Amino acid sequence: ASMSGSGSWSDVNYNETPSGTWSVARHLERMLVLAQAYRAPGSSLNGDVATRDAYLLALNYIQASNKLNGNSGNWWWRQIGTGMRYTPG
């Protein structure tokens, strides 16, 4: 899937309530991939401005959507799972 001009992906259901699985996690995983590509020594995307801008667009979208806050759904995603998606295992 490709990122839209808003920083979202069409295959992610941003209205989904967190449960055992949460499609919003794909957004976070893709952000991690962008960040890793931007910082990876020897990568063709290392220091690439378009990659950085795509990451920032995705970050701004997810923060503005307020999907990482709230009390509905599975607490694990909001308190543990999202942090795990921002950092490498």
# chains A, B, ... in the order shown; residues from 1 in each chain; ligands from 1

call {"tool": "residues_around", "arguments": {"residues": "A:Tyr38", "least_positions_apart": "3", "cutoff": "9 Å", "atoms": "only C-alpha atoms", "output": "PyMOL selection string"}}
result
chain A and resi 33-35+41+43-49+51-52

call {"tool": "residues_around", "arguments": {"residues": "A:Met3", "least_positions_apart": "3", "cutoff": "10 Å", "atoms": "only C-alpha atoms", "output": "number ranges by chain"}}
result
A: 6-11, 27, 30, 54, 57-58

call {"tool": "write_last_selection", "arguments": {"atoms": "N, CA, C and O atoms", "output": "mmCIF file, in the first residue's frame"}}
result
data_model
loop_
_atom_site.group_PDB
_atom_site.id
_atom_site.type_symbol
_atom_site.label_atom_id
_atom_site.label_comp_id
_atom_site.auth_asym_id
_atom_site.auth_seq_id
_atom_site.Cartn_x
_atom_site.Cartn_y
_atom_site.Cartn_z
ATOM 1 N N SER A 6 -1.974 12.633 3.030
ATOM 2 C CA SER A 6 -2.264 13.020 4.417
ATOM 3 C C SER A 6 -1.347 12.323 5.424
ATOM 4 O O SER A 6 -1.312 12.690 6.590
ATOM 5 N N GLY A 7 -0.648 11.273 4.957
ATOM 6 C CA GLY A 7 0.208 10.504 5.858
ATOM 7 C C GLY A 7 -0.433 9.218 6.340
ATOM 8 O O GLY A 7 0.087 8.546 7.224
ATOM 9 N N SER A 8 -1.556 8.847 5.749
ATOM 10 C CA SER A 8 -2.247 7.610 6.125
ATOM 11 C C SER A 8 -2.071 6.572 5.021
ATOM 12 O O SER A 8 -1.622 6.895 3.922
ATOM 13 N N TRP A 9 -2.444 5.332 5.332
ATOM 14 C CA TRP A 9 -2.428 4.254 4.346
ATOM 15 C C TRP A 9 -3.848 3.743 4.178
ATOM 16 O O TRP A 9 -4.578 3.560 5.172
ATOM 17 N N SER A 10 -4.234 3.462 2.921
ATOM 18 C CA SER A 10 -5.620 3.070 2.632
ATOM 19 C C SER A 10 -5.996 1.708 3.210
ATOM 20 O O SER A 10 -7.173 1.439 3.436
ATOM 21 N N ASP A 11 -5.022 0.857 3.486
ATOM 22 C CA ASP A 11 -5.341 -0.475 4.011
ATOM 23 C C ASP A 11 -5.351 -0.527 5.538
ATOM 24 O O ASP A 11 -5.462 -1.601 6.120
ATOM 25 N N HIS A 27 0.419 0.976 10.616
ATOM 26 C CA HIS A 27 0.893 2.353 10.432
ATOM 27 C C HIS A 27 2.196 2.554 11.206
ATOM 28 O O HIS A 27 3.176 3.064 10.665
ATOM 29 N N ARG A 30 5.139 0.624 9.689
ATOM 30 C CA ARG A 30 5.644 1.279 8.484
ATOM 31 C C ARG A 30 6.467 2.513 8.828
ATOM 32 O O ARG A 30 7.450 2.817 8.149
ATOM 33 N N ALA A 54 8.302 11.651 4.505
ATOM 34 C CA ALA A 54 7.229 10.656 4.579
ATOM 35 C C ALA A 54 7.033 10.199 6.026
ATOM 36 O O ALA A 54 5.900 10.049 6.500
ATOM 37 N N LEU A 57 5.317 12.993 7.931
ATOM 38 C CA LEU A 57 3.914 13.065 7.537
ATOM 39 C C LEU A 57 3.103 11.984 8.251
ATOM 40 O O LEU A 57 2.021 12.247 8.780
ATOM 41 N N ALA A 58 3.646 10.761 8.285
ATOM 42 C CA ALA A 58 2.971 9.654 8.972
ATOM 43 C C ALA A 58 2.883 9.920 10.474
ATOM 44 O O ALA A 58 1.858 9.644 11.108
#

call {"tool": "atom_distance", "arguments": {"atom1": "atom CA of A:Tyr55", "atom2": "atom CA of A:Trp75"}}
result
25.4 Å

call {"tool": "atom_distance", "arguments": {"atom1": "atom CA of A:Thr82", "atom2": "atom CA of A:Val24"}}
result
9.1 Å

call {"tool": "atom_distance", "arguments": {"atom1": "atom CA of A:Leu32", "atom2": "atom CA of A:Gly5"}}
result
18.5 Å

call {"tool": "closest_residue", "arguments": {"among": "A:Val12, A:Ala40, A:Ala25, A:Ala64", "to": "A:Trp77", "atoms": "only C-alpha atoms"}}
result
A:Ala25
